[in-house]
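The data block below is target25.cif; it holds mmCIF, C-alpha atoms.
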data_data
loop_
_atom_site.group_PDB
_atom_site.id
_atom_site.type_symbol
_atom_site.label_atom_id
_atom_site.label_comp_id
_atom_site.auth_asym_id
_atom_site.auth_seq_id
_atom_site.Cartn_x
_atom_site.Cartn_y
_atom_site.Cartn_z
ATOM 1 C CA MET A 10 8.163 -5.311 5.054
ATOM 2 C CA LEU A 11 11.727 -6.423 5.778
ATOM 3 C CA LEU A 12 13.087 -4.086 3.107
ATOM 4 C CA ILE A 13 11.140 -1.099 4.487
ATOM 5 C CA GLY A 14 12.149 -1.892 8.066
ATOM 6 C CA GLY A 15 15.779 -2.380 7.062
ATOM 7 C CA ALA A 16 15.948 0.902 5.117
ATOM 8 C CA ALA A 17 14.214 2.835 7.896
ATOM 9 C CA GLY A 18 16.452 1.232 10.528
ATOM 10 C CA ALA A 19 19.601 2.017 8.543
ATOM 11 C CA ALA A 20 18.613 5.677 8.077
ATOM 12 C CA SER A 21 17.678 6.023 11.723
ATOM 13 C CA PHE A 22 20.894 4.270 12.736
ATOM 14 C CA ARG A 23 22.946 6.634 10.571
ATOM 15 C CA HIS A 24 21.312 9.751 12.002
ATOM 16 C CA VAL A 25 21.964 8.601 15.560
ATOM 17 C CA HIS A 26 25.585 7.867 14.628
ATOM 18 C CA ASP A 27 26.078 11.281 13.030
ATOM 19 C CA VAL A 28 24.560 13.132 15.999
ATOM 20 C CA ALA A 29 26.684 11.146 18.459
ATOM 21 C CA ALA A 30 29.849 11.797 16.420
ATOM 22 C CA ALA A 31 29.077 15.518 16.132
ATOM 23 C CA HIS A 32 28.529 15.824 19.880
ATOM 24 C CA GLY A 33 31.707 14.343 21.325
ATOM 25 C CA GLN A 34 31.377 10.596 20.722
ATOM 26 C CA PRO A 35 34.125 9.898 18.139
ATOM 27 C CA GLY A 36 34.902 6.701 16.246
ATOM 28 C CA TRP A 37 33.527 3.400 17.411
ATOM 29 C CA ILE A 38 31.661 4.997 20.335
ATOM 30 C CA ALA A 39 29.303 6.753 17.913
ATOM 31 C CA TRP A 40 28.618 3.384 16.266
ATOM 32 C CA ALA A 41 28.065 1.779 19.670
ATOM 33 C CA ASP A 42 25.606 4.541 20.587
ATOM 34 C CA SER A 43 23.650 3.831 17.392
ATOM 35 C CA VAL A 44 23.605 0.081 17.945
ATOM 36 C CA VAL A 45 22.525 0.405 21.572
ATOM 37 C CA LEU A 46 19.755 2.904 20.863
ATOM 38 C CA GLU A 47 18.261 1.178 17.828
ATOM 39 C CA LEU A 48 18.450 -2.342 19.265
ATOM 40 C CA THR A 49 17.033 -1.140 22.575
ATOM 41 C CA SER A 50 13.830 -0.243 20.704
ATOM 42 C CA ILE A 51 13.586 -3.784 19.343
ATOM 43 C CA ALA A 52 14.408 -5.410 22.689
ATOM 44 C CA ALA A 53 11.886 -3.233 24.524
ATOM 45 C CA GLY A 54 9.226 -4.112 21.945
ATOM 46 C CA LEU A 55 9.927 -7.830 22.379
ATOM 47 C CA GLU A 56 9.820 -7.519 26.171
ATOM 48 C CA LEU A 57 6.602 -5.527 26.034
ATOM 49 C CA ARG A 58 4.950 -8.210 23.906
ATOM 50 C CA ARG A 59 6.238 -10.995 26.169
ATOM 51 C CA ASN A 60 5.041 -9.296 29.353
ATOM 52 C CA ARG A 61 1.580 -8.682 27.879
ATOM 53 C CA ARG A 62 1.284 -12.359 26.924
ATOM 54 C CA LEU A 63 2.336 -13.440 30.422
ATOM 55 C CA GLY A 64 0.099 -10.929 32.173
ATOM 56 C CA LYS A 65 3.058 -9.129 33.755
ATOM 57 C CA SER A 66 3.525 -5.396 34.152
ATOM 58 C CA VAL A 67 4.531 -3.639 30.944
ATOM 59 C CA ALA A 68 5.460 -0.330 32.587
ATOM 60 C CA PHE A 69 9.250 -0.697 32.428
ATOM 61 C CA ALA A 70 9.363 -2.059 28.871
ATOM 62 C CA ALA A 71 6.937 0.625 27.667
ATOM 63 C CA THR A 72 9.034 3.343 29.323
ATOM 64 C CA VAL A 73 12.247 2.039 27.753
ATOM 65 C CA LEU A 74 10.576 1.839 24.335
ATOM 66 C CA THR A 75 9.199 5.363 24.666
ATOM 67 C CA VAL A 76 12.577 6.823 25.683
ATOM 68 C CA ALA A 77 14.432 4.958 22.918
ATOM 69 C CA VAL A 78 11.986 6.123 20.249
ATOM 70 C CA PHE A 79 12.091 9.691 21.595
ATOM 71 C CA LEU A 80 15.918 9.729 21.469
ATOM 72 C CA SER A 81 15.934 8.280 17.969
ATOM 73 C CA LEU A 82 13.397 10.862 16.820
ATOM 74 C CA ALA A 83 15.459 13.615 18.457
ATOM 75 C CA ALA A 84 18.511 12.494 16.489
ATOM 76 C CA GLN A 85 16.459 12.614 13.288
ATOM 77 C CA VAL A 86 15.165 16.108 13.980
ATOM 78 C CA VAL A 87 18.587 17.497 14.982
ATOM 79 C CA GLU A 88 19.939 16.414 11.598
ATOM 80 C CA ALA A 89 16.990 17.962 9.706
ATOM 81 C CA GLU A 90 16.497 21.272 8.008
ATOM 82 C CA ALA A 91 14.908 23.745 10.442
ATOM 83 C CA SER A 92 11.389 23.606 9.018
ATOM 84 C CA VAL A 93 8.233 21.595 9.693
ATOM 85 C CA VAL A 94 8.659 19.689 6.423
ATOM 86 C CA GLY A 95 12.320 19.002 7.240
ATOM 87 C CA TRP A 96 11.444 17.712 10.698
ATOM 88 C CA ILE A 97 8.669 15.464 9.366
ATOM 89 C CA ALA A 98 10.916 14.108 6.607
ATOM 90 C CA ALA A 99 13.697 13.457 9.112
ATOM 91 C CA ALA A 100 11.327 11.706 11.535
ATOM 92 C CA LEU A 101 10.073 9.251 8.886
ATOM 93 C CA PRO A 102 12.930 6.710 9.242
ATOM 94 C CA ALA A 103 12.495 6.392 13.009
ATOM 95 C CA LEU A 104 8.712 6.205 12.758
ATOM 96 C CA GLY A 105 8.906 3.749 9.847
ATOM 97 C CA PHE A 106 11.357 1.547 11.719
ATOM 98 C CA LEU A 107 9.101 1.573 14.779
ATOM 99 C CA ALA A 108 6.065 0.706 12.638
ATOM 100 C CA MET A 109 7.851 -2.207 10.926
ATOM 101 C CA VAL A 110 9.066 -3.574 14.277
ATOM 102 C CA LYS A 111 5.509 -3.364 15.623
ATOM 103 C CA ILE A 112 4.097 -5.177 12.584
ATOM 104 C CA ALA A 113 6.815 -7.852 12.667
ATOM 105 C CA LEU A 114 6.340 -8.473 16.397
ATOM 106 C CA GLY A 115 2.582 -8.703 15.944
ATOM 107 C CA ARG A 116 3.020 -11.429 13.330
ATOM 108 C CA ALA A 117 5.617 -13.341 15.343
ATOM 109 C CA ASP A 118 3.184 -14.658 17.966
ATOM 110 C CA PRO A 119 3.725 -18.445 17.691
ATOM 111 C CA ALA A 120 0.557 -19.695 19.396
ATOM 112 C CA PRO A 121 -2.177 -18.497 21.691
ATOM 113 C CA PRO A 122 -1.434 -18.920 25.401
ATOM 114 C CA ASP A 123 -2.425 -22.186 27.097
ATOM 115 C CA ARG A 124 -5.895 -21.601 28.491
ATOM 116 C CA THR A 125 -5.668 -24.542 30.925
ATOM 117 C CA THR A 126 -2.989 -22.868 33.015
ATOM 118 C CA ARG A 127 -4.038 -20.450 35.730
ATOM 119 C CA THR A 128 -1.431 -18.366 37.540
ATOM 120 C CA THR A 129 -2.180 -17.070 41.004
ATOM 121 C CA ARG A 130 -0.086 -14.340 42.554
ATOM 122 C CA THR A 131 0.426 -13.417 46.153
ATOM 123 C CA THR A 132 2.840 -10.909 47.605
ATOM 124 C CA ARG A 133 5.612 -13.499 47.928
ATOM 125 C CA THR A 134 4.927 -16.438 45.600
ATOM 126 C CA VAL A 135 3.685 -17.236 42.153
ATOM 127 C CA ARG A 136 1.899 -20.559 41.829
ATOM 128 C CA THR A 137 0.786 -22.128 38.561
ATOM 129 C CA VAL A 138 -2.049 -24.634 38.710
ATOM 130 C CA ARG A 139 -2.972 -26.913 35.813
ATOM 131 C CA THR A 140 -6.705 -27.209 35.478
ATOM 132 C CA GLU A 141 -8.372 -30.104 33.727
ATOM 133 C CA PRO A 142 -11.621 -29.853 31.798
ATOM 134 C CA GLY A 143 -14.699 -31.028 33.676
ATOM 135 C CA PRO A 144 -16.799 -29.957 36.597
ATOM 136 C CA SER A 145 -15.362 -27.479 39.054
ATOM 137 C CA ALA A 146 -14.175 -28.613 42.476
ATOM 138 C CA GLY A 147 -17.142 -26.981 44.214
ATOM 139 C CA ALA A 148 -19.771 -28.531 41.948
ATOM 140 C CA GLY A 149 -20.913 -31.112 44.523
ATOM 141 C CA PRO A 150 -21.435 -34.846 44.056
ATOM 142 C CA PRO A 151 -21.794 -36.159 40.505
ATOM 143 C CA VAL A 152 -25.327 -36.610 39.226
ATOM 144 C CA PRO A 153 -25.986 -40.122 37.843
ATOM 145 C CA ASP A 154 -26.660 -40.417 34.133
ATOM 146 C CA THR A 155 -30.347 -41.224 33.691
ATOM 147 C CA HIS A 156 -29.726 -42.886 30.329
ATOM 148 C CA GLN A 157 -27.630 -45.673 31.875
ATOM 149 C CA PRO A 158 -29.155 -48.456 34.022
ATOM 150 C CA VAL A 159 -28.376 -48.095 37.704
ATOM 151 C CA PRO A 160 -26.473 -51.131 39.078
ATOM 152 C CA GLY A 161 -28.258 -53.069 41.767
ATOM 153 C CA PRO A 162 -29.551 -56.545 42.526
ATOM 154 C CA PRO A 163 -30.861 -58.518 39.527
ATOM 155 C CA PRO A 164 -34.624 -58.820 39.113
ATOM 156 C CA PRO A 165 -36.099 -61.912 40.811
ATOM 157 C CA ASP A 166 -36.921 -63.679 37.545
ATOM 158 C CA ALA A 167 -33.392 -63.296 36.054
ATOM 159 C CA PRO A 168 -31.323 -66.507 35.752
ATOM 160 C CA ALA A 169 -28.452 -66.808 38.201
ATOM 161 C CA VAL A 170 -24.998 -66.388 36.715
ATOM 162 C CA ARG A 171 -22.284 -68.437 38.302
ATOM 163 C CA ASP A 172 -19.088 -66.588 39.309
ATOM 164 C CA THR A 173 -16.095 -68.348 37.729
ATOM 165 C CA THR A 174 -13.419 -65.874 38.740
ATOM 166 C CA THR A 175 -12.509 -67.670 41.991
ATOM 167 C CA THR A 176 -12.205 -71.193 40.581
#
Just give me the structure of the file as structure tokens.
Amino acid sequence: MLLIGGAAGAASFRHVHDVAAAHGQPGWIAWADSVVLELTSIAAGLELRRNRRLGKSVAFAATVLTVAVFLSLAAQVVEAEASVVGWIAAALPALGFLAMVKIALGRADPAPPDRTTRTTRTTRTVRTVRTEPGPSAGAGPPVPDTHQPVPGPPPPDAPAVRDTTTT
């Protein structure tokens, strides 16, 4: 998976570099364009995954990812032979790189989210409340366990036990 992602990323990176260099971005600027565009896809994917896990909006990260992939694909197609087969062949590195990033990010989830944490949102504050297992706050008074004897006065025929704690 790493080999496929690396090869696809390198080809995609190279196409972006070549397009940038051919369209007025000489020298190191063409390399910077490639780095920014290709790493933006990875960063947007990471942010998208993080926001989904936290229950936050994914709109911005999804938009950035979509634009970055579109620009990378455009660079692939511009470099291709002007035919459907040429365009598909040129798009493969960008699509392969995107697929490998998606697979790698899907496998990188360290642990499921903590289910005992509940986040409440209002228009101005975010408050996190730790909840403990057990009955809910509105459950009413506890019901006594019928399998345990209920404490009370001893039966009249029980021997008296002297209290030695005060002596």
Could you state which residues are captured by the PyMOL selection byres ((chain A and resi 85) around 12) in this file, as JSON, numbers by chain? {"A": [17, 18, 20, 21, 22, 23, 24, 25, 26, 27, 28, 29, 78, 79, 80, 81, 82, 83, 84, 86, 87, 88, 89, 90, 91, 95, 96, 97, 98, 99, 100, 101, 102, 103, 104]}
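Straight-line separation from CA of Ala77 (chain A) to CA of Ala52 (chain A): 10.4 Å.
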Coordinates-based distance that separates CA of Ser43 (chain A) from CA of Leu55 (chain A) (Å, one decimal): 18.7 Å
Per-axis box centre and lengths in Å around region 23-42 of chain A, 3 Å margin per side, axis-aligned, as lines of an AutoDock Vina configuration file:
center_x = 28.1
center_y = 8.8
center_z = 15.9
size_x = 19.6
size_y = 20.0
size_z = 16.8
Given the file shown, determine the residues that the PyMOL selection byres ((chain A and resi 70-75) around 6) selects; report them as an NGL selection string. :A and (50 or 53 or 57 or 67-69 or 76-78)
Separation of CA of Ala108 (chain A) from CA of Gly15 (chain A), in Å and rounded to one decimal: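 Interatomic distance here is 11.6 Å.
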